[in-house]
file target-v5.txt (compact mmCIF, C-alpha atoms and all ligand atoms)
# COMPACT_ATOMS: atom_id res chain seq x y z
CA THR A 476 -62.02 -8.03 83.18
CA ARG A 477 -62.53 -5.77 80.18
CA THR A 478 -61.76 -8.34 77.46
CA SER A 479 -62.43 -12.07 77.32
CA ARG A 480 -59.71 -14.69 76.89
CA PRO A 481 -60.87 -15.47 73.34
CA GLN A 482 -60.62 -11.75 72.54
CA ARG A 483 -57.04 -11.73 73.88
CA ILE A 484 -56.26 -14.82 71.77
CA LEU A 485 -57.61 -13.04 68.66
CA LYS A 486 -55.46 -9.99 69.49
CA ALA A 487 -52.38 -12.23 69.73
CA VAL A 488 -53.21 -13.61 66.26
CA GLN A 489 -53.74 -10.12 64.80
CA THR A 490 -50.48 -8.80 66.25
CA LYS A 491 -48.24 -11.84 65.79
CA ALA A 492 -49.55 -13.83 62.82
CA THR A 493 -49.40 -13.06 59.09
CA VAL A 494 -52.68 -12.76 57.18
CA GLY A 495 -53.16 -15.79 54.94
CA ASP A 496 -50.54 -17.87 56.77
CA PRO A 497 -52.33 -20.58 58.80
CA GLN A 498 -49.12 -21.89 60.39
CA SER A 499 -48.34 -18.43 61.81
CA VAL A 500 -51.87 -18.31 63.31
CA ILE A 501 -51.33 -21.71 64.96
CA THR A 502 -47.88 -20.66 66.25
CA ALA A 503 -49.22 -17.35 67.60
CA ILE A 504 -52.03 -19.06 69.55
CA ASP A 505 -49.74 -21.77 70.92
CA HIS A 506 -47.16 -19.18 72.03
CA PHE A 507 -49.83 -17.05 73.71
CA CYS A 508 -51.40 -20.03 75.50
CA ARG A 509 -48.06 -21.46 76.61
CA HIS A 510 -46.46 -18.22 77.79
CA ARG A 511 -49.34 -15.85 78.60
CA GLU A 512 -52.70 -17.56 79.28
CA TRP A 513 -53.67 -21.23 79.13
CA ALA A 514 -56.70 -21.94 76.94
CA MET A 515 -58.48 -25.12 75.88
CA ASN A 516 -57.12 -25.39 72.35
CA VAL A 517 -56.06 -28.90 71.34
CA GLY A 518 -52.54 -27.44 71.28
CA ASP A 519 -49.32 -28.25 69.44
CA GLU A 520 -48.58 -31.74 70.81
CA LYS A 521 -52.05 -33.26 70.37
CA GLY A 522 -52.41 -31.01 67.31
CA SER A 523 -49.58 -32.89 65.59
CA ILE A 524 -51.50 -36.14 66.16
CA LEU A 525 -54.64 -34.46 64.74
CA ASP A 526 -52.58 -33.41 61.71
CA SER A 527 -51.34 -36.96 61.12
CA VAL A 528 -54.88 -38.38 61.30
CA VAL A 529 -56.18 -35.71 58.87
CA ASN A 530 -53.33 -36.52 56.46
CA GLU A 531 -53.98 -40.26 56.79
CA VAL A 532 -57.76 -39.94 56.22
CA SER A 533 -57.44 -37.12 53.61
CA PRO A 534 -61.11 -36.32 54.21
CA VAL A 535 -63.47 -34.52 51.84
CA THR A 536 -66.00 -33.62 54.54
CA VAL A 537 -65.02 -33.06 58.16
CA LEU A 538 -67.29 -32.30 61.11
CA GLU A 539 -65.81 -30.51 64.13
CA LEU A 540 -67.88 -30.34 67.33
CA GLY A 541 -66.85 -27.31 69.40
CA THR A 542 -65.07 -24.53 67.50
CA TYR A 543 -64.04 -22.36 70.49
CA CYS A 544 -61.50 -19.91 68.96
CA GLY A 545 -61.00 -21.89 65.76
CA TYR A 546 -57.50 -23.21 66.54
CA SER A 547 -58.24 -26.83 65.54
CA THR A 548 -60.48 -25.63 62.71
CA VAL A 549 -57.43 -23.88 61.21
CA ARG A 550 -55.23 -26.94 61.89
CA ILE A 551 -57.67 -29.17 60.00
CA ALA A 552 -58.59 -26.77 57.17
CA ARG A 553 -54.96 -25.95 56.31
CA LEU A 554 -54.43 -29.64 55.39
CA LEU A 555 -57.55 -30.01 53.20
CA PRO A 556 -57.25 -30.14 49.40
CA PRO A 557 -59.39 -27.86 47.19
CA GLY A 558 -63.04 -28.94 47.31
CA ALA A 559 -62.79 -30.41 50.80
CA CYS A 560 -64.30 -28.60 53.80
CA VAL A 561 -64.78 -28.66 57.53
CA ILE A 562 -68.19 -27.91 59.05
CA THR A 563 -67.66 -26.70 62.62
CA LEU A 564 -70.43 -26.29 65.20
CA GLU A 565 -70.25 -23.69 67.98
CA PHE A 566 -73.19 -22.59 70.14
CA ASN A 567 -71.55 -19.68 71.97
CA PRO A 568 -72.03 -16.59 69.75
CA ASP A 569 -69.08 -14.74 71.30
CA TYR A 570 -66.71 -17.65 70.64
CA ALA A 571 -68.15 -18.07 67.13
CA ALA A 572 -67.49 -14.40 66.37
CA ILE A 573 -63.85 -14.73 67.49
CA ALA A 574 -63.39 -17.99 65.57
CA ARG A 575 -64.69 -16.42 62.35
CA GLN A 576 -62.00 -13.74 62.62
CA VAL A 577 -59.24 -16.25 63.41
CA ILE A 578 -60.31 -18.40 60.42
CA LYS A 579 -60.46 -15.30 58.20
CA TRP A 580 -56.99 -14.17 59.33
CA SER A 581 -55.63 -17.58 58.34
CA GLY A 582 -57.20 -17.21 54.87
CA LEU A 583 -59.10 -20.50 55.12
CA GLU A 584 -62.70 -19.25 55.10
CA ASP A 585 -63.36 -21.04 51.77
CA LYS A 586 -62.68 -24.40 53.43
CA VAL A 587 -64.69 -23.74 56.59
CA GLN A 588 -68.42 -23.62 57.30
CA LEU A 589 -68.89 -22.32 60.85
CA VAL A 590 -72.44 -23.02 62.05
CA GLU A 591 -73.69 -21.25 65.17
CA GLY A 592 -75.84 -23.61 67.18
CA ALA A 593 -75.96 -26.72 69.34
CA SER A 594 -74.65 -29.97 67.90
CA GLY A 595 -77.82 -31.85 68.89
CA ASP A 596 -79.98 -29.39 66.97
CA TRP A 597 -77.84 -29.23 63.83
CA ILE A 598 -76.68 -32.83 63.29
CA PRO A 599 -80.16 -33.95 62.10
CA TRP A 600 -80.07 -31.21 59.44
CA MET A 601 -76.61 -31.93 58.01
CA LYS A 602 -77.81 -33.98 55.02
CA GLU A 603 -80.64 -31.67 54.03
CA HIS A 604 -78.93 -28.35 54.75
CA PHE A 605 -75.35 -29.04 53.67
CA GLY A 606 -75.82 -31.93 51.25
CA VAL A 607 -73.54 -34.14 53.34
CA GLN A 608 -73.85 -37.87 52.61
CA ALA A 609 -71.58 -38.98 55.46
CA PHE A 610 -68.56 -37.51 57.24
CA ASP A 611 -65.10 -38.86 56.52
CA LEU A 612 -63.74 -37.47 59.78
CA VAL A 613 -65.43 -36.17 62.97
CA PHE A 614 -63.32 -34.25 65.54
CA LEU A 615 -65.02 -34.21 68.95
CA ASP A 616 -63.85 -31.40 71.23
CA HIS A 617 -67.02 -29.90 72.72
CA TRP A 618 -68.73 -30.63 76.08
CA LYS A 619 -67.41 -34.01 77.15
CA GLU A 620 -70.81 -35.38 78.18
CA ARG A 621 -72.07 -34.66 74.65
CA TYR A 622 -69.52 -36.95 72.94
CA LEU A 623 -71.58 -40.13 73.36
CA PRO A 624 -75.08 -38.78 72.65
CA ASP A 625 -73.83 -36.93 69.58
CA THR A 626 -72.03 -40.02 68.29
CA LYS A 627 -75.25 -42.01 68.62
CA LEU A 628 -77.16 -39.19 66.91
CA LEU A 629 -74.64 -39.15 64.03
CA GLU A 630 -75.15 -42.93 63.66
CA GLU A 631 -78.95 -42.59 63.71
CA CYS A 632 -78.79 -39.84 61.06
CA GLY A 633 -76.69 -42.03 58.77
CA LEU A 634 -73.81 -39.53 58.89
CA ILE A 635 -71.30 -42.18 59.95
CA GLN A 636 -70.54 -44.89 57.40
CA LYS A 637 -67.94 -47.65 56.92
CA GLY A 638 -64.51 -46.02 57.18
CA THR A 639 -65.67 -42.86 58.97
CA VAL A 640 -63.05 -41.87 61.55
CA LEU A 641 -64.01 -40.34 64.92
CA LEU A 642 -61.17 -38.50 66.67
CA ALA A 643 -61.95 -37.42 70.25
CA ASP A 644 -59.93 -34.94 72.32
CA ASN A 645 -59.62 -35.12 76.13
CA VAL A 646 -60.47 -38.76 76.63
CA ILE A 647 -58.29 -38.71 79.79
CA CYS A 648 -58.40 -35.07 80.94
CA PRO A 649 -61.13 -33.92 81.60
CA GLY A 650 -62.15 -37.43 80.46
CA THR A 651 -65.05 -38.94 78.56
CA PRO A 652 -65.58 -42.32 80.28
CA ASP A 653 -68.97 -43.25 78.82
CA TYR A 654 -67.81 -42.39 75.27
CA LEU A 655 -64.56 -44.37 75.68
CA GLU A 656 -66.41 -47.41 77.03
CA TYR A 657 -68.81 -47.26 74.07
CA VAL A 658 -66.30 -46.99 71.21
CA ARG A 659 -63.86 -49.45 72.81
CA ASN A 660 -66.50 -52.14 73.44
CA SER A 661 -68.63 -51.71 70.33
CA PRO A 662 -68.10 -54.36 67.61
CA HIS A 663 -68.77 -51.59 65.07
CA TYR A 664 -65.66 -49.53 65.93
CA ASN A 665 -61.95 -50.22 65.86
CA SER A 666 -60.48 -47.90 68.51
CA GLN A 667 -56.94 -46.74 69.20
CA TYR A 668 -55.60 -44.47 71.97
CA TYR A 669 -52.91 -41.87 71.14
CA ARG A 670 -51.22 -40.99 74.42
CA SER A 671 -50.16 -37.37 74.74
CA HIS A 672 -50.41 -34.47 77.20
CA LEU A 673 -53.04 -31.91 78.13
CA GLU A 674 -52.39 -28.86 75.97
CA TYR A 675 -49.49 -26.69 77.22
CA THR A 676 -48.99 -28.87 80.34
CA LYS A 677 -47.26 -32.06 81.53
CA ALA A 678 -50.52 -33.71 82.59
CA GLU A 679 -51.53 -36.85 80.73
CA ASP A 680 -54.24 -36.63 78.10
CA GLY A 681 -54.80 -38.25 74.73
CA LEU A 682 -56.88 -38.66 71.62
CA GLU A 683 -59.02 -41.70 70.80
CA LYS A 684 -59.30 -42.62 67.13
CA SER A 685 -62.27 -44.85 66.29
CA VAL A 686 -62.90 -46.21 62.78
CA PHE A 687 -66.47 -47.26 61.99
CA LEU A 688 -66.47 -50.80 60.57
CA GLY A 689 -70.01 -50.73 59.19
CA TYR A 690 -73.09 -52.53 60.52
C1 LIG B 701 -73.42 -29.17 72.48
C2 LIG B 701 -72.57 -28.12 71.86
N1 LIG B 701 -72.84 -27.66 70.63
C3 LIG B 701 -72.03 -26.71 70.09
N2 LIG B 701 -70.95 -26.17 70.70
C4 LIG B 701 -70.68 -26.63 71.93
C5 LIG B 701 -71.45 -27.62 72.56
N3 LIG B 701 -70.92 -27.87 73.78
C6 LIG B 701 -69.86 -27.07 73.91
N4 LIG B 701 -69.71 -26.31 72.81
C7 LIG B 701 -68.64 -25.35 72.55
O1 LIG B 701 -67.45 -26.13 72.44
C8 LIG B 701 -66.42 -25.57 73.29
C9 LIG B 701 -66.35 -26.37 74.54
C10 LIG B 701 -65.37 -27.20 74.75
C11 LIG B 701 -65.31 -28.00 76.03
N5 LIG B 701 -63.92 -28.37 76.24
C12 LIG B 701 -63.46 -28.53 77.46
O2 LIG B 701 -64.20 -28.43 78.44
C13 LIG B 701 -62.02 -28.80 77.61
C14 LIG B 701 -61.48 -28.69 78.90
C15 LIG B 701 -60.12 -28.90 79.12
C16 LIG B 701 -59.57 -28.78 80.47
C17 LIG B 701 -58.67 -29.72 80.95
C18 LIG B 701 -58.15 -29.62 82.25
C19 LIG B 701 -58.53 -28.55 83.06
F1 LIG B 701 -58.03 -28.43 84.31
C20 LIG B 701 -59.43 -27.60 82.58
C21 LIG B 701 -59.95 -27.73 81.30
C22 LIG B 701 -59.27 -29.23 78.04
C23 LIG B 701 -59.82 -29.34 76.75
O3 LIG B 701 -59.05 -29.64 75.70
C24 LIG B 701 -61.18 -29.14 76.54
O4 LIG B 701 -61.67 -29.30 75.26
C25 LIG B 701 -66.87 -24.16 73.59
O5 LIG B 701 -66.51 -23.31 72.54
C26 LIG B 701 -68.40 -24.36 73.67
O6 LIG B 701 -69.10 -23.15 73.46
MG MG B 702 -60.19 -30.25 74.02

call {"tool": "encode", "arguments": {"input": "target-v5.txt", "output": "structure tokens", "more": "lines below"}}
Ligand SMILES: Cc1ncnc2c1ncn2[C@@H]1O[C@H](/C=C/CNC(=O)c2cc(-c3ccc(F)cc3)cc(O)c2O)[C@@H](O)[C@H]1O
Ligand SMILES: [Mg+2]
result
Amino acid sequence: TRTSRPQRILKAVQTKATVGDPQSVITAIDHFCRHREWAMNVGDEKGSILDSVVNEVSPVTVLELGTYCGYSTVRIARLLPPGACVITLEFNPDYAAIARQVIKWSGLEDKVQLVEGASGDWIPWMKEHFGVQAFDLVFLDHWKERYLPDTKLLEECGLIQKGTVLLADNVICPGTPDYLEYVRNSPHYNSQYYRSHLEYTKAEDGLEKSVFLGY
């Protein structure tokens, strides 16, 4: 096919959404993915749960693993107060290029730092390169088998501290069994499952919220 799905998602944003209006960007993507082509955005139903967790945590620094087209980046950034920001990691250059344009269209580029690269390569540099002490909120939505190793890496790098909230997408579908087992059985996390549905479908899926209790 001539264009990629992310390119078609960007086109839907540019034709249907208003520049500088993040909600219209979210609505345009959800409409396109519900009525035209499914895509792996967290979506409106799980997105509302993401919104409520962001509002509850009111984070100053957020880490997102897996930007894709920037849908959840926009959802998170639109709720951040001045001075707060979301660092989002994406290793596919084509997806990163689309996400930059989606984030720009929403007018939230001042609250977003999109880093092109693999999570495992960049997490060890977060303190030195971005001056991050620890993350208040981490949204995991990248390759499902990377959730656990990256969580352990974040712990080792001292980027998770008492009160840090991990919010993981897709813990049922596609599923992240080793990650779930870890956060649910670890004495250092208090975990809670938010039952929902796979984006734009009736299949079960959900988000797992895990609060770090300290060592
Ligand atoms: C280590 C590393 N570093 C940096 N970027 C990384 C990275 N690993 C991946 N990425 C990036 O993140 C996104 C990948 C997201 C993976 N998400 C899913 O696979 C996913 C799948 C479904 C799904 C459910 C049922 C089905 F039948 C089919 C698909 C739903 C979802 O919500 C998903 O998130 C993508 O943009 C990729 O380039
Ligand atoms: Mg997902």

call {"tool": "closest_residue", "arguments": {"input": "target-v5.txt", "among": "A:Leu555, A:Ala487, A:Ile573, A:Ile562", "to": "Val532 of chain A", "atoms": "only C-alpha atoms"}}
result
A:Leu555

call {"tool": "atom_distance", "arguments": {"input": "target-v5.txt", "atom1": "atom CA of Val587 of chain A", "atom2": "atom CA of Glu603 of chain A"}}
result
18.0 Å

call {"tool": "closest_residue", "arguments": {"input": "target-v5.txt", "among": "A:Ala514, A:Cys632, A:Val640, A:Met601", "to": "ligand MG 702 (chain B)", "atoms": "only C-alpha atoms and all ligand atoms"}}
result
A:Ala514

call {"tool": "residues_near_ligand", "arguments": {"input": "target-v5.txt", "ligand": "ligand LIG 701 (chain B)", "cutoff": "6 Å", "atoms": "all atoms listed in the file", "output": "list in words"}}
result
Met515, Asn516, Val517, Gly541, Thr542, Tyr543, Leu564, Glu565, Phe566, Asn567, Tyr570, Gly592, Ala593, Ser594, Asp616, His617, Trp618, Asn645, Cys648 and Pro649 of chain A

call {"tool": "closest_residue", "arguments": {"input": "target-v5.txt", "among": "A:Ser533, A:Gln489, A:Gln608, A:Gln482", "to": "Ala571 of chain A", "atoms": "all atoms listed in the file"}}
result
A:Gln482

call {"tool": "residues_near_point", "arguments": {"input": "target-v5.txt", "point": "(-76.3, -42.8, 70.8)", "cutoff": "12 Å", "atoms": "all atoms listed in the file", "output": "JSON, numbers by chain"}}
result
{"A": [595, 620, 621, 622, 623, 624, 625, 626, 627, 628, 629, 630, 631, 632, 635, 653, 654, 657, 658, 661]}

call {"tool": "closest_residue", "arguments": {"input": "target-v5.txt", "among": "A:Leu673, A:Val561, A:Leu641, A:Val607", "to": "ligand MG 702 (chain B)", "atoms": "all atoms listed in the file"}}
result
A:Leu673

call {"tool": "atom_distance", "arguments": {"input": "target-v5.txt", "atom1": "atom CA of Gly495 of chain A", "atom2": "atom CA of Phe507 of chain A"}}
result
19.1 Å

call {"tool": "closest_atom_pairs", "arguments": {"input": "target-v5.txt", "of": "segment 505-559 of chain A", "to": "segment 574-583 of chain A", "cutoff": "7 Å", "atoms": "all atoms listed in the file", "output": "tab-separated table"}}
result
residue	atom	partner	partner_atom	distance
A:Tyr543	CA	A:Ala574	CA	6.6
A:Cys544	CA	A:Ala574	CA	4.3
A:Gly545	CA	A:Ala574	CA	4.6
A:Val549	CA	A:Ile578	CA	6.2
A:Ala552	CA	A:Leu583	CA	6.6
A:Arg553	CA	A:Leu583	CA	6.9

call {"tool": "closest_residue", "arguments": {"input": "target-v5.txt", "among": "A:Leu688, A:Ile501, A:Ile598, A:Val646", "to": "ligand MG 702 (chain B)", "atoms": "only C-alpha atoms and all ligand atoms"}}
result
A:Val646

call {"tool": "build_atoms", "arguments": {"input": "target-v5.txt", "residues": "segment 482-498 of chain A", "atoms": "N, CA, C and O atoms", "output": "compact mmCIF listing (two decimals), in the coordinates of the input"}}
result
# COMPACT_ATOMS: atom_id res chain seq x y z
N GLN A 482 -60.96 -13.03 73.17
CA GLN A 482 -60.62 -11.75 72.54
C GLN A 482 -59.11 -11.51 72.61
O GLN A 482 -58.50 -11.01 71.67
N ARG A 483 -58.50 -11.92 73.74
CA ARG A 483 -57.04 -11.73 73.88
C ARG A 483 -56.29 -12.69 72.95
O ARG A 483 -55.24 -12.35 72.41
N ILE A 484 -56.86 -13.87 72.71
CA ILE A 484 -56.26 -14.82 71.77
C ILE A 484 -56.31 -14.24 70.35
O ILE A 484 -55.32 -14.26 69.61
N LEU A 485 -57.47 -13.66 69.99
CA LEU A 485 -57.61 -13.04 68.66
C LEU A 485 -56.60 -11.92 68.49
O LEU A 485 -55.96 -11.78 67.45
N LYS A 486 -56.42 -11.12 69.55
CA LYS A 486 -55.46 -9.99 69.49
C LYS A 486 -54.04 -10.53 69.26
O LYS A 486 -53.28 -9.97 68.46
N ALA A 487 -53.72 -11.64 69.91
CA ALA A 487 -52.38 -12.23 69.73
C ALA A 487 -52.20 -12.65 68.27
O ALA A 487 -51.14 -12.43 67.67
N VAL A 488 -53.27 -13.21 67.68
CA VAL A 488 -53.21 -13.61 66.26
C VAL A 488 -53.01 -12.37 65.39
O VAL A 488 -52.13 -12.33 64.52
N GLN A 489 -53.78 -11.33 65.65
CA GLN A 489 -53.74 -10.12 64.80
C GLN A 489 -52.44 -9.35 64.96
O GLN A 489 -52.02 -8.63 64.05
N THR A 490 -51.76 -9.53 66.08
CA THR A 490 -50.48 -8.80 66.25
C THR A 490 -49.29 -9.67 65.87
O THR A 490 -48.26 -9.14 65.47
N LYS A 491 -49.41 -10.99 65.99
CA LYS A 491 -48.24 -11.84 65.79
C LYS A 491 -48.26 -12.66 64.50
O LYS A 491 -47.21 -13.07 64.00
N ALA A 492 -49.47 -12.93 63.98
CA ALA A 492 -49.55 -13.83 62.82
C ALA A 492 -49.69 -13.03 61.52
O ALA A 492 -50.10 -11.87 61.53
N THR A 493 -49.33 -13.68 60.43
CA THR A 493 -49.40 -13.06 59.09
C THR A 493 -50.72 -13.45 58.42
O THR A 493 -51.07 -14.64 58.40
N VAL A 494 -51.42 -12.47 57.87
CA VAL A 494 -52.68 -12.76 57.18
C VAL A 494 -52.43 -13.77 56.06
O VAL A 494 -51.45 -13.63 55.31
N GLY A 495 -53.27 -14.80 56.01
CA GLY A 495 -53.16 -15.79 54.94
C GLY A 495 -52.15 -16.89 55.22
O GLY A 495 -51.96 -17.78 54.39
N ASP A 496 -51.55 -16.86 56.41
CA ASP A 496 -50.54 -17.87 56.77
C ASP A 496 -51.05 -18.68 57.97
O ASP A 496 -50.83 -18.29 59.12
N PRO A 497 -51.73 -19.80 57.71
CA PRO A 497 -52.33 -20.58 58.80
C PRO A 497 -51.32 -21.03 59.84
O PRO A 497 -51.61 -21.02 61.04
N GLN A 498 -50.12 -21.42 59.42
CA GLN A 498 -49.12 -21.89 60.39
C GLN A 498 -48.76 -20.79 61.37
O GLN A 498 -48.59 -21.04 62.57
